[in-house]
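Note: the block below is protein.cif and it holds mmCIF, N, CA and C atoms.
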```cif
data_structure
loop_
_atom_site.label_atom_id
_atom_site.label_comp_id
_atom_site.auth_asym_id
_atom_site.auth_seq_id
_atom_site.Cartn_x
_atom_site.Cartn_y
_atom_site.Cartn_z
N MET H 278 85.18 61.82 42.71
CA MET H 278 84.97 62.69 43.80
C MET H 278 85.35 64.09 43.40
N TYR H 279 84.35 64.83 43.46
CA TYR H 279 84.52 66.23 43.10
C TYR H 279 84.33 67.08 44.35
N ALA H 280 85.12 68.15 44.48
CA ALA H 280 84.98 69.08 45.60
C ALA H 280 83.81 70.00 45.35
N ALA H 281 83.10 70.28 46.41
CA ALA H 281 81.96 71.19 46.28
C ALA H 281 82.51 72.59 46.01
N PRO H 282 81.83 73.32 45.15
CA PRO H 282 82.31 74.67 44.85
C PRO H 282 82.23 75.54 46.11
N ALA H 283 83.23 76.43 46.33
CA ALA H 283 83.27 77.30 47.49
C ALA H 283 82.15 78.32 47.39
N ALA H 284 81.56 78.62 48.55
CA ALA H 284 80.49 79.61 48.57
C ALA H 284 81.09 80.97 48.25
N PRO H 285 80.35 81.76 47.51
CA PRO H 285 80.88 83.08 47.17
C PRO H 285 81.00 83.94 48.42
N LEU H 286 82.00 84.78 48.45
CA LEU H 286 82.22 85.68 49.57
C LEU H 286 81.17 86.78 49.52
N THR H 287 80.38 86.85 50.56
CA THR H 287 79.34 87.87 50.60
C THR H 287 79.75 88.97 51.57
N ARG H 288 79.10 90.08 51.47
CA ARG H 288 79.38 91.19 52.36
C ARG H 288 79.07 90.79 53.81
N ARG H 289 78.03 90.01 54.01
CA ARG H 289 77.66 89.55 55.35
C ARG H 289 78.76 88.69 55.96
N ALA H 290 79.36 87.78 55.20
CA ALA H 290 80.43 86.92 55.70
C ALA H 290 81.67 87.74 56.06
N VAL H 291 82.00 88.73 55.23
CA VAL H 291 83.17 89.59 55.50
C VAL H 291 82.94 90.40 56.77
N LEU H 292 81.74 90.99 56.94
CA LEU H 292 81.45 91.77 58.13
C LEU H 292 81.42 90.91 59.39
N ARG H 293 80.90 89.69 59.29
CA ARG H 293 80.87 88.78 60.43
C ARG H 293 82.28 88.42 60.86
N THR H 294 83.15 88.17 59.91
CA THR H 294 84.54 87.84 60.22
C THR H 294 85.25 89.04 60.84
N ALA H 295 85.05 90.23 60.28
CA ALA H 295 85.69 91.44 60.82
C ALA H 295 85.19 91.74 62.23
N PHE H 296 83.88 91.58 62.46
CA PHE H 296 83.32 91.82 63.79
C PHE H 296 83.88 90.82 64.80
N GLY H 297 83.98 89.56 64.44
CA GLY H 297 84.54 88.55 65.33
C GLY H 297 85.99 88.85 65.68
N ALA H 298 86.76 89.28 64.69
CA ALA H 298 88.16 89.62 64.95
C ALA H 298 88.26 90.83 65.87
N ALA H 299 87.39 91.82 65.68
CA ALA H 299 87.41 93.02 66.53
C ALA H 299 87.05 92.67 67.97
N VAL H 300 86.05 91.81 68.16
CA VAL H 300 85.67 91.40 69.51
C VAL H 300 86.81 90.63 70.18
N ALA H 301 87.43 89.72 69.45
CA ALA H 301 88.54 88.95 70.02
C ALA H 301 89.71 89.87 70.39
N GLY H 302 89.99 90.85 69.55
CA GLY H 302 91.06 91.80 69.85
C GLY H 302 90.74 92.66 71.06
N GLY H 303 89.49 93.09 71.18
CA GLY H 303 89.08 93.89 72.33
C GLY H 303 89.17 93.12 73.63
N VAL H 304 88.74 91.86 73.61
CA VAL H 304 88.82 91.03 74.80
C VAL H 304 90.28 90.81 75.19
N ALA H 305 91.14 90.55 74.21
CA ALA H 305 92.56 90.36 74.50
C ALA H 305 93.18 91.62 75.08
N ALA H 306 92.82 92.79 74.54
CA ALA H 306 93.35 94.05 75.07
C ALA H 306 92.86 94.32 76.49
N ALA H 307 91.62 93.96 76.78
CA ALA H 307 91.08 94.18 78.12
C ALA H 307 91.69 93.23 79.14
N LEU H 308 92.00 92.02 78.74
CA LEU H 308 92.55 91.03 79.67
C LEU H 308 94.06 91.11 79.82
N ALA H 309 94.73 91.82 78.93
CA ALA H 309 96.20 91.87 78.97
C ALA H 309 96.73 92.38 80.31
N PRO H 310 96.22 93.49 80.87
CA PRO H 310 96.75 93.94 82.17
C PRO H 310 96.51 92.94 83.29
N VAL H 311 95.37 92.26 83.24
CA VAL H 311 95.07 91.28 84.28
C VAL H 311 96.03 90.10 84.19
N LEU H 312 96.27 89.64 82.98
CA LEU H 312 97.18 88.50 82.81
C LEU H 312 98.62 88.89 83.12
N ARG H 313 99.00 90.12 82.81
CA ARG H 313 100.35 90.57 83.13
C ARG H 313 100.56 90.68 84.63
N ALA H 314 99.52 91.06 85.36
CA ALA H 314 99.62 91.24 86.80
C ALA H 314 99.68 89.91 87.55
N ARG H 315 99.45 88.82 86.88
CA ARG H 315 99.46 87.52 87.54
C ARG H 315 100.85 86.97 87.73
N GLY H 316 101.87 87.77 87.47
CA GLY H 316 103.25 87.33 87.64
C GLY H 316 103.56 87.11 89.11
N PRO H 317 104.78 86.75 89.41
CA PRO H 317 105.14 86.51 90.82
C PRO H 317 104.97 87.78 91.64
N ARG H 318 104.41 87.65 92.82
CA ARG H 318 104.17 88.80 93.69
C ARG H 318 105.45 89.16 94.42
N GLN H 319 105.63 90.45 94.59
CA GLN H 319 106.77 90.92 95.36
C GLN H 319 106.37 90.96 96.83
N THR H 320 107.28 90.57 97.68
CA THR H 320 106.99 90.66 99.11
C THR H 320 107.46 92.02 99.60
N LEU H 321 106.68 92.60 100.47
CA LEU H 321 107.03 93.90 101.01
C LEU H 321 108.00 93.72 102.17
N THR H 322 109.04 94.50 102.16
CA THR H 322 109.99 94.46 103.26
C THR H 322 109.51 95.42 104.34
N PRO H 323 109.80 95.11 105.58
CA PRO H 323 109.37 96.01 106.64
C PRO H 323 110.05 97.37 106.51
N ALA H 324 109.37 98.38 106.98
CA ALA H 324 109.92 99.73 106.90
C ALA H 324 111.18 99.82 107.75
N PRO H 325 112.16 100.57 107.29
CA PRO H 325 113.39 100.67 108.06
C PRO H 325 113.18 101.40 109.37
N LEU H 326 113.93 101.00 110.36
CA LEU H 326 113.88 101.64 111.66
C LEU H 326 115.10 102.52 111.82
N ALA H 327 114.89 103.67 112.40
CA ALA H 327 116.02 104.50 112.81
C ALA H 327 116.21 104.23 114.29
N GLU H 328 117.35 103.71 114.65
CA GLU H 328 117.62 103.39 116.05
C GLU H 328 118.91 104.06 116.45
N GLU H 329 118.90 104.58 117.67
CA GLU H 329 120.12 105.19 118.19
C GLU H 329 120.03 105.26 119.70
N THR H 330 121.16 105.48 120.31
CA THR H 330 121.22 105.74 121.74
C THR H 330 121.54 107.21 121.89
N TYR H 331 120.66 107.92 122.59
CA TYR H 331 120.82 109.35 122.78
C TYR H 331 120.75 109.64 124.27
N ARG H 332 121.83 110.17 124.82
CA ARG H 332 121.93 110.48 126.25
C ARG H 332 121.59 109.27 127.12
N GLY H 333 122.05 108.10 126.68
CA GLY H 333 121.84 106.87 127.44
C GLY H 333 120.47 106.25 127.28
N ARG H 334 119.62 106.79 126.43
CA ARG H 334 118.28 106.24 126.20
C ARG H 334 118.22 105.64 124.81
N HIS H 335 117.55 104.51 124.67
CA HIS H 335 117.42 103.86 123.37
C HIS H 335 116.19 104.42 122.65
N ILE H 336 116.41 104.99 121.47
CA ILE H 336 115.33 105.56 120.66
C ILE H 336 115.18 104.71 119.42
N SER H 337 113.94 104.32 119.09
CA SER H 337 113.67 103.65 117.82
C SER H 337 112.46 104.34 117.17
N VAL H 338 112.63 104.62 115.87
CA VAL H 338 111.60 105.32 115.12
C VAL H 338 111.28 104.50 113.88
N ASP H 339 110.01 104.15 113.70
CA ASP H 339 109.55 103.50 112.47
C ASP H 339 109.32 104.62 111.47
N LEU H 340 110.18 104.69 110.46
CA LEU H 340 110.15 105.82 109.53
C LEU H 340 108.90 105.85 108.67
N ALA H 341 108.26 104.72 108.45
CA ALA H 341 107.06 104.70 107.60
C ALA H 341 105.84 105.22 108.34
N SER H 342 105.68 104.87 109.61
CA SER H 342 104.47 105.25 110.33
C SER H 342 104.72 106.28 111.42
N ALA H 343 105.96 106.72 111.59
CA ALA H 343 106.34 107.71 112.59
C ALA H 343 105.99 107.25 114.00
N GLN H 344 106.13 105.95 114.26
CA GLN H 344 105.94 105.46 115.61
C GLN H 344 107.29 105.56 116.33
N VAL H 345 107.26 106.14 117.52
CA VAL H 345 108.48 106.40 118.27
C VAL H 345 108.43 105.63 119.57
N ARG H 346 109.55 105.02 119.93
CA ARG H 346 109.68 104.34 121.22
C ARG H 346 110.95 104.83 121.89
N ILE H 347 110.83 105.11 123.17
CA ILE H 347 111.98 105.49 123.98
C ILE H 347 112.12 104.43 125.05
N ASP H 348 113.25 103.75 125.05
CA ASP H 348 113.50 102.62 125.95
C ASP H 348 112.38 101.58 125.87
N GLY H 349 111.85 101.36 124.67
CA GLY H 349 110.82 100.36 124.43
C GLY H 349 109.41 100.82 124.75
N ARG H 350 109.25 102.02 125.27
CA ARG H 350 107.92 102.52 125.62
C ARG H 350 107.44 103.49 124.54
N PRO H 351 106.17 103.40 124.13
CA PRO H 351 105.68 104.25 123.04
C PRO H 351 105.54 105.72 123.46
N LEU H 352 105.94 106.59 122.55
CA LEU H 352 105.76 108.03 122.72
C LEU H 352 104.63 108.46 121.78
N HIS H 353 103.64 109.15 122.33
CA HIS H 353 102.51 109.59 121.51
C HIS H 353 102.99 110.70 120.58
N VAL H 354 102.87 110.46 119.25
CA VAL H 354 103.35 111.40 118.23
C VAL H 354 102.18 111.80 117.35
N MET H 355 102.12 113.08 117.03
CA MET H 355 101.09 113.59 116.13
C MET H 355 101.77 114.36 115.00
N GLN H 356 101.27 114.17 113.79
CA GLN H 356 101.80 114.92 112.65
C GLN H 356 100.87 116.09 112.36
N ARG H 357 101.48 117.26 112.22
CA ARG H 357 100.70 118.47 111.94
C ARG H 357 100.46 118.58 110.44
N ALA H 358 99.57 119.48 110.07
CA ALA H 358 99.22 119.67 108.65
C ALA H 358 100.41 120.13 107.82
N ASP H 359 101.36 120.84 108.44
CA ASP H 359 102.52 121.32 107.69
C ASP H 359 103.63 120.28 107.58
N GLY H 360 103.39 119.07 108.09
CA GLY H 360 104.37 117.98 107.96
C GLY H 360 105.31 117.86 109.14
N THR H 361 105.23 118.77 110.11
CA THR H 361 106.08 118.66 111.28
C THR H 361 105.40 117.76 112.32
N TYR H 362 106.11 117.45 113.38
CA TYR H 362 105.62 116.51 114.40
C TYR H 362 105.65 117.16 115.77
N LEU H 363 104.70 116.76 116.62
CA LEU H 363 104.74 117.13 118.02
C LEU H 363 104.37 115.92 118.85
N SER H 364 104.73 115.97 120.14
CA SER H 364 104.55 114.78 120.98
C SER H 364 103.71 115.10 122.20
N GLY H 365 103.38 114.04 122.91
CA GLY H 365 102.65 114.19 124.15
C GLY H 365 103.50 114.76 125.26
N VAL H 366 104.81 114.73 125.11
CA VAL H 366 105.70 115.29 126.12
C VAL H 366 105.71 116.81 126.03
N ASN H 367 105.71 117.35 124.81
CA ASN H 367 105.70 118.79 124.62
C ASN H 367 104.78 119.14 123.45
N HIS H 368 103.58 119.61 123.77
CA HIS H 368 102.59 119.95 122.74
C HIS H 368 102.88 121.29 122.07
N PHE H 369 103.83 122.05 122.59
CA PHE H 369 103.97 123.43 122.17
C PHE H 369 105.09 123.67 121.16
N GLN H 370 105.87 122.65 120.84
CA GLN H 370 106.95 122.83 119.88
C GLN H 370 106.90 121.72 118.84
N SER H 371 107.09 122.10 117.58
CA SER H 371 107.07 121.14 116.48
C SER H 371 108.50 120.83 116.05
N TYR H 372 108.67 119.62 115.48
CA TYR H 372 109.97 119.18 115.02
C TYR H 372 109.83 118.64 113.60
N GLY H 373 110.90 118.77 112.83
CA GLY H 373 110.87 118.39 111.41
C GLY H 373 110.77 116.90 111.17
N THR H 374 111.37 116.09 112.02
CA THR H 374 111.36 114.64 111.85
C THR H 374 111.00 113.97 113.16
N PRO H 375 110.50 112.74 113.11
CA PRO H 375 110.21 112.01 114.36
C PRO H 375 111.46 111.77 115.20
N LEU H 376 112.62 111.63 114.56
CA LEU H 376 113.85 111.41 115.32
C LEU H 376 114.23 112.66 116.11
N GLU H 377 114.10 113.84 115.51
CA GLU H 377 114.35 115.09 116.24
C GLU H 377 113.39 115.21 117.41
N LEU H 378 112.14 114.84 117.19
CA LEU H 378 111.13 114.89 118.23
C LEU H 378 111.50 113.96 119.38
N ALA H 379 111.98 112.76 119.08
CA ALA H 379 112.35 111.80 120.11
C ALA H 379 113.52 112.31 120.93
N ARG H 380 114.49 112.91 120.28
CA ARG H 380 115.64 113.48 121.01
C ARG H 380 115.18 114.58 121.96
N ALA H 381 114.28 115.45 121.48
CA ALA H 381 113.77 116.52 122.33
C ALA H 381 112.97 115.96 123.50
N ALA H 382 112.24 114.88 123.27
CA ALA H 382 111.48 114.24 124.35
C ALA H 382 112.43 113.67 125.40
N VAL H 383 113.54 113.09 124.96
CA VAL H 383 114.53 112.57 125.92
C VAL H 383 115.10 113.73 126.74
N ASP H 384 115.39 114.85 126.08
CA ASP H 384 115.89 116.02 126.81
C ASP H 384 114.87 116.49 127.84
N GLU H 385 113.61 116.50 127.48
CA GLU H 385 112.55 116.96 128.37
C GLU H 385 112.30 115.97 129.52
N LEU H 386 112.38 114.68 129.23
CA LEU H 386 112.10 113.67 130.25
C LEU H 386 113.19 113.59 131.31
N GLY H 387 114.41 113.85 130.93
CA GLY H 387 115.52 113.71 131.88
C GLY H 387 115.67 112.25 132.28
N THR H 388 115.55 111.97 133.57
CA THR H 388 115.69 110.59 134.04
C THR H 388 114.34 109.89 134.17
N SER H 389 113.24 110.60 133.93
CA SER H 389 111.90 110.00 134.04
C SER H 389 111.66 109.04 132.89
N GLN H 390 110.75 108.10 133.12
CA GLN H 390 110.35 107.13 132.09
C GLN H 390 108.97 107.51 131.54
N LEU H 391 108.71 107.11 130.32
CA LEU H 391 107.36 107.24 129.76
C LEU H 391 106.46 106.21 130.41
N ALA H 392 105.16 106.49 130.46
CA ALA H 392 104.20 105.53 130.98
C ALA H 392 104.13 104.35 130.02
N LEU H 393 103.84 103.15 130.52
CA LEU H 393 103.74 101.97 129.66
C LEU H 393 102.60 102.10 128.67
N ALA H 394 101.43 102.57 129.13
CA ALA H 394 100.29 102.73 128.26
C ALA H 394 100.03 104.23 128.09
N ALA H 395 99.92 104.65 126.85
CA ALA H 395 99.63 106.06 126.59
C ALA H 395 98.19 106.36 127.02
N PRO H 396 97.94 107.57 127.53
CA PRO H 396 96.56 107.91 127.90
C PRO H 396 95.65 107.91 126.70
N HIS H 397 94.43 107.49 126.89
CA HIS H 397 93.46 107.39 125.80
C HIS H 397 92.46 108.53 125.93
N HIS H 398 92.29 109.27 124.85
CA HIS H 398 91.35 110.40 124.87
C HIS H 398 89.96 109.90 124.53
N GLY H 399 88.98 110.28 125.33
CA GLY H 399 87.61 110.12 125.19
C GLY H 399 86.90 109.08 124.59
#
```

Please express what this file holds, its structure, as structure tokens.
Amino acid sequence: MYAAPAAPLTRRAVLRTAFGAAVAGGVAAALAPVLRARGPRQTLTPAPLAEETYRGRHISVDLASAQVRIDGRPLHVMQRADGTYLSGVNHFQSYGTPLELARAAVDELGTSQLALAAPHHG
């Protein structure tokens, strides 16, 4: 039993091998971010709330979405282009944070309550 002689290395065989290796490397590089991202997913925690009692009224502010509630009732809040906030209680003055705005709304409301449902525009 004699072994068959090995085929001579040709330029075509070398180029085919190099091309195959390059394609395999490119596919691996393209798939690496996808495979890395398949790790365990992180769960998002809810945005922190700023809560306080101001002049006997309970204020809660969702810091992520700037939603404000006074005694559990929603206060209509709008953010201006300069990053300040104004409310439906006082359209004429801006405040730096939603919490400052809520305190000013409590001052303006006095003993009155906010409506349960905010008015809907058009």

Problem set entry | 7 Å contact set for Arg346 of chain H, all atoms listed in the file, chain neighbours under 3 positions out, as a list in words |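 The contact residues come out as His335, Ile336, Ser337, Val338, Asp339, Gly349, Arg350, Pro351 and Leu352 of chain H.
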
For this session: Work out how far apart atom C of Gln370 of chain H and atom CA of Leu386 of chain H are and give it in Å to one decimal.
Result: 14.9 Å

For this session: For the file shown, report as number ranges by chain the outcome of the PyMOL selection byres (((chain H and resi 368 and name CA) around 12) and name CA) at residue level.
Result: H: 353-357, 362-367, 369-372, 378, 381-382, 385

Exercise. Atom N of Gly333 of chain H and atom CA of Gly373 of chain H, how far apart in Å?
Worked result: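 Atom CA of Gly373 of chain H sits 21.5 Å away from atom N of Gly333 of chain H.
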
For this session: Would you please work out which residue, of H:Gly297, H:Pro285, H:Gly303, H:Pro375, is nearest to Ala343 of chain H when using only C-alpha atoms?
Result: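 Closest to Ala343 of chain H, using only C-alpha atoms: H:Pro375.
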
Enumerate as a compact mmCIF listing (two decimals) with N, CA and C atoms, keeping the file's coordinate frame all residues of segment 284-393 of chain H assigned to strand (DSSP E or B) by DSSP on the backbone, naming them with the chain letters and numbers the document uses.
```txt
# COMPACT_ATOMS: atom_id res chain seq x y z
N LEU H 326 113.93 101.00 110.36
CA LEU H 326 113.88 101.64 111.66
C LEU H 326 115.10 102.52 111.82
N ALA H 327 114.89 103.67 112.40
CA ALA H 327 116.02 104.50 112.81
C ALA H 327 116.21 104.23 114.29
N GLU H 328 117.35 103.71 114.65
CA GLU H 328 117.62 103.39 116.05
C GLU H 328 118.91 104.06 116.45
N GLU H 329 118.90 104.58 117.67
CA GLU H 329 120.12 105.19 118.19
C GLU H 329 120.03 105.26 119.70
N THR H 330 121.16 105.48 120.31
CA THR H 330 121.22 105.74 121.74
C THR H 330 121.54 107.21 121.89
N TYR H 331 120.66 107.92 122.59
CA TYR H 331 120.82 109.35 122.78
C TYR H 331 120.75 109.64 124.27
N ARG H 334 119.62 106.79 126.43
CA ARG H 334 118.28 106.24 126.20
C ARG H 334 118.22 105.64 124.81
N HIS H 335 117.55 104.51 124.67
CA HIS H 335 117.42 103.86 123.37
C HIS H 335 116.19 104.42 122.65
N ILE H 336 116.41 104.99 121.47
CA ILE H 336 115.33 105.56 120.66
C ILE H 336 115.18 104.71 119.42
N SER H 337 113.94 104.32 119.09
CA SER H 337 113.67 103.65 117.82
C SER H 337 112.46 104.34 117.17
N VAL H 338 112.63 104.62 115.87
CA VAL H 338 111.60 105.32 115.12
C VAL H 338 111.28 104.50 113.88
N ASP H 339 110.01 104.15 113.70
CA ASP H 339 109.55 103.50 112.47
C ASP H 339 109.32 104.62 111.47
N GLN H 344 106.13 105.95 114.26
CA GLN H 344 105.94 105.46 115.61
C GLN H 344 107.29 105.56 116.33
N VAL H 345 107.26 106.14 117.52
CA VAL H 345 108.48 106.40 118.27
C VAL H 345 108.43 105.63 119.57
N ARG H 346 109.55 105.02 119.93
CA ARG H 346 109.68 104.34 121.22
C ARG H 346 110.95 104.83 121.89
N ILE H 347 110.83 105.11 123.17
CA ILE H 347 111.98 105.49 123.98
C ILE H 347 112.12 104.43 125.05
N ARG H 350 109.25 102.02 125.27
CA ARG H 350 107.92 102.52 125.62
C ARG H 350 107.44 103.49 124.54
N PRO H 351 106.17 103.40 124.13
CA PRO H 351 105.68 104.25 123.04
C PRO H 351 105.54 105.72 123.46
N LEU H 352 105.94 106.59 122.55
CA LEU H 352 105.76 108.03 122.72
C LEU H 352 104.63 108.46 121.78
N VAL H 354 102.87 110.46 119.25
CA VAL H 354 103.35 111.40 118.23
C VAL H 354 102.18 111.80 117.35
N MET H 355 102.12 113.08 117.03
CA MET H 355 101.09 113.59 116.13
C MET H 355 101.77 114.36 115.00
N GLN H 356 101.27 114.17 113.79
CA GLN H 356 101.80 114.92 112.65
C GLN H 356 100.87 116.09 112.36
N TYR H 362 106.11 117.45 113.38
CA TYR H 362 105.62 116.51 114.40
C TYR H 362 105.65 117.16 115.77
N LEU H 363 104.70 116.76 116.62
CA LEU H 363 104.74 117.13 118.02
C LEU H 363 104.37 115.92 118.85
N SER H 364 104.73 115.97 120.14
CA SER H 364 104.55 114.78 120.98
C SER H 364 103.71 115.10 122.20
N TYR H 372 108.67 119.62 115.48
CA TYR H 372 109.97 119.18 115.02
C TYR H 372 109.83 118.64 113.60
```

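Separating atom CA of Ala341 of chain H from atom CA of Asp384 of chain H is a distance of 24.0 Å.
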
Expected axis-aligned box over every listed atom of segment 335-346 of chain H, 5 Å added per side, centre plus edges in Å to one decimal, as lines of an AutoDock Vina configuration file:
```
center_x = 111.0
center_y = 105.6
center_z = 116.1
size_x = 23.1
size_y = 14.2
size_z = 27.1
```
